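Here is the file upload_4.csv (CSV, C-alpha atoms).
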chain,number,residue,atom,x,y,z
M,1,MET,CA,-20.4,12.1,21.8
M,2,MET,CA,-20.7,8.4,22.7
M,3,THR,CA,-17.5,6.5,22.7
M,4,ILE,CA,-16.4,3.1,23.8
M,5,ARG,CA,-12.8,2.1,24.1
M,6,VAL,CA,-11.4,-0.4,21.7
M,7,GLU,CA,-9.4,-1.9,24.7
M,8,TYR,CA,-12.7,-3.1,26.1
M,9,ILE,CA,-13.9,-4.6,22.8
M,10,ASN,CA,-11.0,-6.7,21.6
M,11,PRO,CA,-11.0,-9.0,24.6
M,12,PHE,CA,-14.7,-9.8,23.9
M,13,LEU,CA,-13.9,-10.5,20.2
M,14,ARG,CA,-11.0,-12.8,21.0
M,15,ALA,CA,-13.0,-14.5,23.8
M,16,SER,CA,-16.0,-15.0,21.5
M,17,PHE,CA,-14.0,-16.6,18.8
M,18,GLY,CA,-12.2,-18.9,21.2
M,19,VAL,CA,-15.2,-19.9,23.2
M,20,LEU,CA,-17.6,-20.3,20.3
M,21,GLU,CA,-15.1,-22.4,18.4
M,22,ALA,CA,-14.4,-24.6,21.4
M,23,VAL,CA,-18.1,-25.1,22.3
M,24,LEU,CA,-19.8,-25.2,18.9
M,25,GLY,CA,-16.9,-26.6,16.9
M,26,LYS,CA,-16.7,-23.9,14.3
M,27,MET,CA,-15.2,-20.4,14.2
M,28,PRO,CA,-18.0,-17.7,13.9
M,29,THR,CA,-17.9,-14.9,11.3
M,30,LYS,CA,-17.9,-11.4,12.6
M,31,GLY,CA,-20.2,-8.9,11.1
M,32,GLU,CA,-19.9,-5.1,11.0
M,33,LEU,CA,-19.7,-3.4,14.4
M,34,GLY,CA,-22.4,-0.9,15.3
M,35,MET,CA,-23.5,1.5,18.0
M,36,ARG,CA,-26.7,1.3,20.0
M,37,PRO,CA,-28.5,3.8,22.1
M,38,SER,CA,-28.6,3.1,25.8
M,39,VAL,CA,-32.3,1.9,25.6
M,40,PHE,CA,-33.0,-0.6,22.9
M,41,THR,CA,-35.4,-3.4,21.9
M,42,SER,CA,-33.5,-6.6,22.2
M,43,GLN,CA,-33.5,-10.1,20.7
M,44,GLN,CA,-35.9,-12.8,21.8
M,45,CYS,CA,-33.4,-14.5,24.0
M,46,ASN,CA,-30.8,-12.6,26.0
M,47,VAL,CA,-28.0,-13.6,28.3
M,48,ILE,CA,-27.1,-10.6,30.5
M,49,THR,CA,-23.7,-10.7,32.2
M,50,GLY,CA,-22.5,-8.0,34.6
M,51,VAL,CA,-18.9,-6.7,34.8
M,52,ALA,CA,-17.7,-4.9,37.9
M,53,GLY,CA,-14.2,-3.6,38.7
M,54,ARG,CA,-12.0,-1.1,37.0
M,55,ILE,CA,-14.5,-1.1,34.2
M,56,GLN,CA,-18.2,-1.8,34.8
M,57,GLY,CA,-21.4,-2.4,32.8
M,58,GLN,CA,-23.1,-5.2,31.0
M,59,VAL,CA,-22.4,-7.5,28.2
M,60,ILE,CA,-25.5,-9.0,26.6
M,61,TYR,CA,-25.7,-12.0,24.3
M,62,GLY,CA,-28.8,-11.7,22.1
M,63,MET,CA,-30.3,-14.3,19.8
M,64,SER,CA,-33.5,-15.6,18.4
M,65,LEU,CA,-35.4,-18.4,20.1
M,66,ILE,CA,-34.5,-20.8,17.3
M,67,THR,CA,-30.8,-19.9,17.5
M,68,ALA,CA,-31.0,-20.4,21.3
M,69,ASP,CA,-32.6,-23.9,20.7
M,70,ARG,CA,-29.9,-24.8,18.2
M,71,ILE,CA,-27.0,-23.7,20.3
M,72,ALA,CA,-28.4,-25.4,23.4
M,73,SER,CA,-28.8,-28.6,21.3
M,74,VAL,CA,-25.1,-28.6,20.3
M,75,MET,CA,-24.0,-27.9,23.9
M,76,ILE,CA,-26.2,-30.6,25.5
M,77,GLY,CA,-25.4,-33.1,22.7
M,78,GLN,CA,-28.9,-33.9,21.7
M,79,PRO,CA,-31.8,-32.0,20.1
M,80,ILE,CA,-33.9,-30.2,22.7
M,81,ARG,CA,-37.7,-30.5,22.6
M,82,THR,CA,-38.5,-27.6,24.8
M,83,PHE,CA,-36.4,-24.8,26.1
M,84,ASP,CA,-36.2,-26.1,29.6
M,85,GLN,CA,-34.0,-25.2,32.6
M,86,LEU,CA,-31.1,-27.2,31.2
M,87,ALA,CA,-31.3,-25.5,27.8
M,88,ALA,CA,-31.5,-22.1,29.5
M,89,SER,CA,-28.6,-23.0,31.7
M,90,ALA,CA,-26.5,-24.0,28.7
M,91,ILE,CA,-27.2,-20.7,26.9
M,92,ALA,CA,-26.4,-18.8,30.1
M,93,GLU,CA,-23.2,-20.7,30.5
M,94,LEU,CA,-22.1,-19.8,27.0
M,95,GLY,CA,-22.4,-16.1,27.9
M,96,ASN,CA,-20.7,-16.7,31.2
M,97,MET,CA,-17.8,-18.4,29.4
M,98,ILE,CA,-17.3,-15.6,26.9
M,99,THR,CA,-17.5,-12.9,29.5
M,100,GLY,CA,-15.3,-14.9,31.9
M,101,ASN,CA,-12.7,-15.5,29.2
M,102,ALA,CA,-12.7,-11.9,28.2
M,103,MET,CA,-12.0,-10.9,31.8
M,104,ALA,CA,-8.7,-12.7,31.7
M,105,LEU,CA,-7.7,-10.7,28.6
M,106,LEU,CA,-8.9,-7.5,30.1
M,107,ALA,CA,-6.9,-8.2,33.2
M,108,GLU,CA,-3.8,-8.7,31.0
M,109,ALA,CA,-4.5,-5.2,29.7
M,110,GLY,CA,-4.6,-3.8,33.2
M,111,TYR,CA,-8.4,-3.9,33.8
M,112,VAL,CA,-9.0,-6.3,36.6
M,113,CYS,CA,-12.7,-7.0,36.9
M,114,ASP,CA,-15.2,-9.6,38.3
M,115,ILE,CA,-18.4,-10.8,36.7
M,116,THR,CA,-21.8,-11.6,38.0
M,117,PRO,CA,-23.7,-14.8,37.4
M,118,PRO,CA,-25.6,-14.6,34.1
M,119,THR,CA,-29.3,-13.8,33.8
M,120,ILE,CA,-31.6,-14.9,30.9
M,121,VAL,CA,-34.3,-12.7,29.6
M,122,ARG,CA,-36.7,-14.2,27.1
M,123,GLY,CA,-39.6,-12.7,25.3
M,124,SER,CA,-40.5,-10.5,22.4
M,125,ASN,CA,-40.3,-6.7,22.4
M,126,VAL,CA,-38.1,-6.7,25.5
M,127,LYS,CA,-36.6,-3.2,26.2
M,128,ILE,CA,-33.2,-3.2,27.8
M,129,SER,CA,-31.6,-0.1,29.3
M,130,THR,CA,-27.9,0.2,29.8
M,131,LEU,CA,-28.4,3.5,31.6
M,132,ASN,CA,-26.0,6.1,30.1
M,133,ILE,CA,-23.3,3.7,29.1
M,134,PRO,CA,-23.0,3.6,25.3
M,135,ALA,CA,-23.3,0.1,23.7
M,136,LEU,CA,-21.3,-1.4,20.9
M,137,ILE,CA,-22.8,-4.3,19.0
M,138,ILE,CA,-20.8,-7.1,17.6
M,139,PRO,CA,-22.8,-9.5,15.3
M,140,MET,CA,-21.4,-13.0,15.1
M,141,THR,CA,-22.8,-15.4,12.5
M,142,LEU,CA,-22.8,-19.0,13.5
M,143,ASP,CA,-24.1,-22.2,11.9
M,144,GLN,CA,-26.9,-22.0,14.4
M,145,GLY,CA,-27.9,-18.4,13.5
M,146,LEU,CA,-27.0,-14.9,14.6
M,147,LEU,CA,-25.5,-14.1,18.0
M,148,GLU,CA,-25.4,-10.5,18.8
M,149,LEU,CA,-23.0,-9.1,21.5
M,150,THR,CA,-23.9,-5.8,23.1
M,151,VAL,CA,-20.9,-4.6,25.0
M,152,SER,CA,-21.8,-1.7,27.3
M,153,LEU,CA,-18.8,-0.9,29.5
M,154,GLN,CA,-17.2,2.2,30.9
M,155,GLU,CA,-14.3,2.9,33.2
M,156,ARG,CA,-15.3,3.5,36.8
Y,128,MET,CA,-14.0,-48.3,45.0
Y,129,PRO,CA,-14.6,-45.4,42.7
Y,130,LYS,CA,-13.5,-41.9,43.9
Y,131,ARG,CA,-16.4,-39.8,45.0
Y,132,ILE,CA,-16.5,-36.3,43.6
Y,133,LEU,CA,-18.6,-33.3,44.8
Y,134,VAL,CA,-19.5,-31.1,41.8
Y,135,THR,CA,-20.1,-27.4,42.5
Y,136,ASP,CA,-21.5,-25.0,39.9
Y,137,ASP,CA,-24.5,-22.7,39.8
Y,138,ALA,CA,-25.2,-23.7,36.2
Y,139,MET,CA,-27.3,-26.8,35.9
Y,140,PHE,CA,-25.8,-27.3,32.4
Y,141,MET,CA,-22.2,-27.5,33.9
Y,142,ARG,CA,-23.3,-29.8,36.7
Y,143,VAL,CA,-24.8,-32.2,34.1
Y,144,THR,CA,-21.8,-31.9,31.9
Y,145,LEU,CA,-19.4,-32.6,34.7
Y,146,ARG,CA,-21.5,-35.5,36.0
Y,147,ASN,CA,-21.5,-37.1,32.5
Y,148,ILE,CA,-17.7,-36.7,32.2
Y,149,LEU,CA,-17.1,-38.1,35.7
Y,150,THR,CA,-19.4,-41.1,35.5
Y,151,LYS,CA,-18.1,-42.0,32.1
Y,152,ASN,CA,-14.6,-42.1,33.5
Y,153,GLY,CA,-15.2,-44.3,36.4
Y,154,PHE,CA,-15.8,-41.7,39.1
Y,155,GLU,CA,-18.9,-41.4,41.3
Y,156,VAL,CA,-20.7,-38.1,41.8
Y,157,ALA,CA,-21.1,-37.8,45.5
Y,158,GLY,CA,-23.3,-34.7,45.2
Y,159,GLU,CA,-24.1,-31.6,43.3
Y,160,ALA,CA,-23.9,-28.1,45.0
Y,161,SER,CA,-25.1,-25.0,43.3
Y,162,ASN,CA,-23.2,-22.4,45.4
Y,163,GLY,CA,-20.3,-22.2,47.8
Y,164,ARG,CA,-22.6,-22.4,50.9
Y,165,GLU,CA,-24.1,-25.7,49.7
Y,166,ALA,CA,-20.6,-27.0,48.8
Y,167,ILE,CA,-19.5,-26.5,52.4
Y,168,ASP,CA,-22.5,-28.3,53.9
Y,169,MET,CA,-22.2,-31.1,51.4
Y,170,TYR,CA,-18.5,-31.5,52.0
Y,171,ARG,CA,-19.2,-31.9,55.6
Y,172,SER,CA,-21.9,-34.5,55.2
Y,173,LEU,CA,-20.6,-36.4,52.1
Y,174,LYS,CA,-16.9,-36.3,52.8
Y,175,PRO,CA,-16.0,-36.6,49.0
Y,176,ASP,CA,-12.5,-37.5,47.7
Y,177,ALA,CA,-12.4,-34.4,45.6
Y,178,VAL,CA,-14.4,-31.3,44.7
Y,179,THR,CA,-14.8,-29.3,41.5
Y,180,MET,CA,-15.5,-25.7,42.3
Y,181,ASP,CA,-16.9,-22.8,40.1
Y,182,ILE,CA,-15.9,-19.3,41.2
Y,183,THR,CA,-18.8,-17.0,40.2
Y,184,MET,CA,-21.8,-18.2,42.0
Y,185,PRO,CA,-24.7,-16.6,44.0
Y,186,GLU,CA,-24.8,-16.7,47.8
Y,187,MET,CA,-21.1,-17.6,48.2
Y,188,ASP,CA,-18.4,-17.6,45.6
Y,189,GLY,CA,-16.1,-20.5,45.1
Y,190,ILE,CA,-12.9,-19.0,46.5
Y,191,SER,CA,-14.6,-18.3,49.9
Y,192,ALA,CA,-16.0,-21.8,49.8
Y,193,VAL,CA,-12.5,-23.2,49.3
Y,194,ARG,CA,-11.2,-21.3,52.3
Y,195,GLU,CA,-14.1,-22.6,54.5
Y,196,ILE,CA,-13.7,-26.2,53.3
Y,197,ARG,CA,-10.0,-26.2,53.9
Y,198,LYS,CA,-10.8,-25.1,57.5
Y,199,ILE,CA,-13.0,-28.2,57.9
Y,200,ASP,CA,-10.5,-30.4,56.2
Y,201,PRO,CA,-7.0,-29.0,55.6
Y,202,HIS,CA,-6.3,-31.9,53.1
Y,203,ALA,CA,-9.4,-31.2,51.0
Y,204,ARG,CA,-8.7,-31.7,47.3
Y,205,ILE,CA,-10.4,-29.0,45.4
Y,206,ILE,CA,-10.1,-28.2,41.6
Y,207,MET,CA,-11.4,-24.8,40.4
Y,208,CYS,CA,-13.5,-25.1,37.2
Y,209,THR,CA,-14.3,-21.6,36.1
Y,210,ALA,CA,-14.7,-19.3,33.1
Y,211,MET,CA,-12.5,-16.7,34.8
Y,212,GLY,CA,-8.9,-17.5,34.0
Y,213,GLN,CA,-7.1,-14.3,35.0
Y,214,LYS,CA,-3.9,-14.5,37.0
Y,215,ASN,CA,-5.3,-12.8,40.1
Y,216,MET,CA,-8.1,-15.4,40.3
Y,217,VAL,CA,-5.7,-18.3,39.9
Y,218,ILE,CA,-3.5,-16.8,42.7
Y,219,ASP,CA,-6.5,-16.2,45.0
Y,220,ALA,CA,-7.7,-19.8,44.4
Y,221,VAL,CA,-4.4,-21.4,45.0
Y,222,SER,CA,-3.6,-19.4,48.1
Y,223,ALA,CA,-7.1,-20.3,49.4
Y,224,GLY,CA,-6.0,-24.0,49.0
Y,225,ALA,CA,-7.2,-25.1,45.6
Y,226,LYS,CA,-5.0,-27.8,44.0
Y,227,ASP,CA,-5.7,-27.1,40.3
Y,228,PHE,CA,-7.4,-24.6,38.1
Y,229,ILE,CA,-9.3,-25.4,34.9
Y,230,VAL,CA,-10.7,-22.7,32.6
Y,231,LYS,CA,-14.0,-23.2,30.9
Y,232,PRO,CA,-14.7,-24.2,28.2
Y,233,PHE,CA,-12.7,-27.3,29.0
Y,234,GLN,CA,-12.1,-30.7,27.4
Y,235,ALA,CA,-13.3,-33.8,29.3
Y,236,GLU,CA,-9.7,-35.2,29.4
Y,237,LYS,CA,-8.5,-32.1,31.2
Y,238,VAL,CA,-11.0,-32.6,34.0
Y,239,VAL,CA,-10.4,-36.3,34.3
Y,240,GLU,CA,-6.6,-35.8,34.3
Y,241,ALA,CA,-6.8,-33.1,37.1
Y,242,ILE,CA,-9.0,-35.3,39.3
Y,243,GLN,CA,-6.9,-38.3,38.8
Y,244,LYS,CA,-3.8,-36.3,39.7
Y,245,VAL,CA,-5.3,-34.9,43.0
Y,246,CYS,CA,-6.8,-38.2,44.0
Y,247,GLY,CA,-3.4,-39.8,43.1
Please render this file's structure as structure tokens.
Amino acid sequence: MMTIRVEYINPFLRASFGVLEAVLGKMPTKGELGMRPSVFTSQQCNVITGVAGRIQGQVIYGMSLITADRIASVMIGQPIRTFDQLAASAIAELGNMITGNAMALLAEAGYVCDITPPTIVRGSNVKISTLNIPALIIPMTLDQGLLELTVSLQER
Amino acid sequence: MPKRILVTDDAMFMRVTLRNILTKNGFEVAGEASNGREAIDMYRSLKPDAVTMDITMPEMDGISAVREIRKIDPHARIIMCTAMGQKNMVIDAVSAGAKDFIVKPFQAEKVVEAIQKVCG
């Protein structure tokens, strides 16, 4: 039976709300949580952040290319014409900020962890494997589109 | 003479954002480093008045870089600018010699205030 502990999820929920509101100027709406097999076909644009410490795994921020363009435009402060290095960096930093902020909340709960610099994977039909760690999906609806968090963490 | 700041972050977006905030508020960006190793080299060559330092970066993390920079210049004024706000990180950074700690996402005024304070 696949399980993922709620102690790992709440910090990501709280961090997402806080960071998304601060960066995009509006609180997101949370959709229904779901489970995901350890290998899955992901969104068109994915920010992968690694977590290492008392708990380990990945947290992936998936979105469509249009949503990525829209979010990057808000972050940069002007519409982007092409998804260039600066736009990619903005999207990556959004993931980094949410995971980073969640780490502070996890540490308060006794799970001290570090994070790895984010990686961006773009393309259609990308298959991502989280090995045997079960993944929980948190959909967040933003003005810019859907942002899907895939939280795949387990205690070491 | 405007104070000269060295910006350190692996994310181009953050470097651009910090550059905009700093130049709009009367500071000069002495240089932009994308990891701890580069920050040390640039600190040596540019001798900035203050440094903003991310923590999670490839090659060398920000806390190790703070330690090394403080060996070169025990009076170096370094402000951490990071997404990781947990207590152990703040304690590590301050004991390495950082003067202030700002958690991302930050407001421009926070950064300006912190830099003005350390440049006093």
Do you know which residues are at most 12 Å from Thr49 in chain M counting only C-alpha atoms, after dropping those on the same chain fewer than 3 positions away, and could you put them as a PyMOL selection string?
(chain M and resi 46+52+56-62+91-100+102-103+114-121+130+149-153) or (chain Y and resi 183)
Based on all atoms listed in the file, which of the residues in chain M come within 6 Å of chain Y? I want them as a PyMOL selection string.
chain M and resi 86+89-90+97+100-101+104
Between CA of Arg81 in chain M and CA of Thr67 in chain M, what is the distance in Å, rounded to a tenth?
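So the answer is 13.6 Å.
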With distances taken over all atoms listed in the file, which residue among M:Ala68, M:Phe40, M:Pro11, M:Gly25 lies nearest Leu146 in chain M?
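Of the candidates, the smallest distance to Leu146 in chain M is held by M:Ala68.
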Counting all atoms listed in the file, the option among M:Ile138, M:Leu147, M:Ile128, M:Leu13 closest to Ser38 in chain M:
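Of the candidates, the smallest distance to Ser38 in chain M is held by M:Ile128.
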Give me, as a PDB file with C-alpha atoms, in the frame of the given file, all polymer residues having an atom no more than 8 Å from Thr179 in chain Y, counting all atoms listed in the file and skipping those fewer than 3 positions away in the same chain.
ATOM      1  CA  ILE Y 132     -16.500 -36.300  43.600  1.00  0.00           C
ATOM      2  CA  LEU Y 133     -18.600 -33.300  44.800  1.00  0.00           C
ATOM      3  CA  VAL Y 134     -19.500 -31.100  41.800  1.00  0.00           C
ATOM      4  CA  THR Y 135     -20.100 -27.400  42.500  1.00  0.00           C
ATOM      5  CA  ILE Y 205     -10.400 -29.000  45.400  1.00  0.00           C
ATOM      6  CA  ILE Y 206     -10.100 -28.200  41.600  1.00  0.00           C
ATOM      7  CA  MET Y 207     -11.400 -24.800  40.400  1.00  0.00           C
ATOM      8  CA  CYS Y 208     -13.500 -25.100  37.200  1.00  0.00           C
TER       9      CYS Y 208
END
How far is it from CA of Asn10 in chain M to CA of Glu32 in chain M, in Å with one decimal?
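Computed distance, CA of Asn10 in chain M to CA of Glu32 in chain M, equals 13.9 Å.
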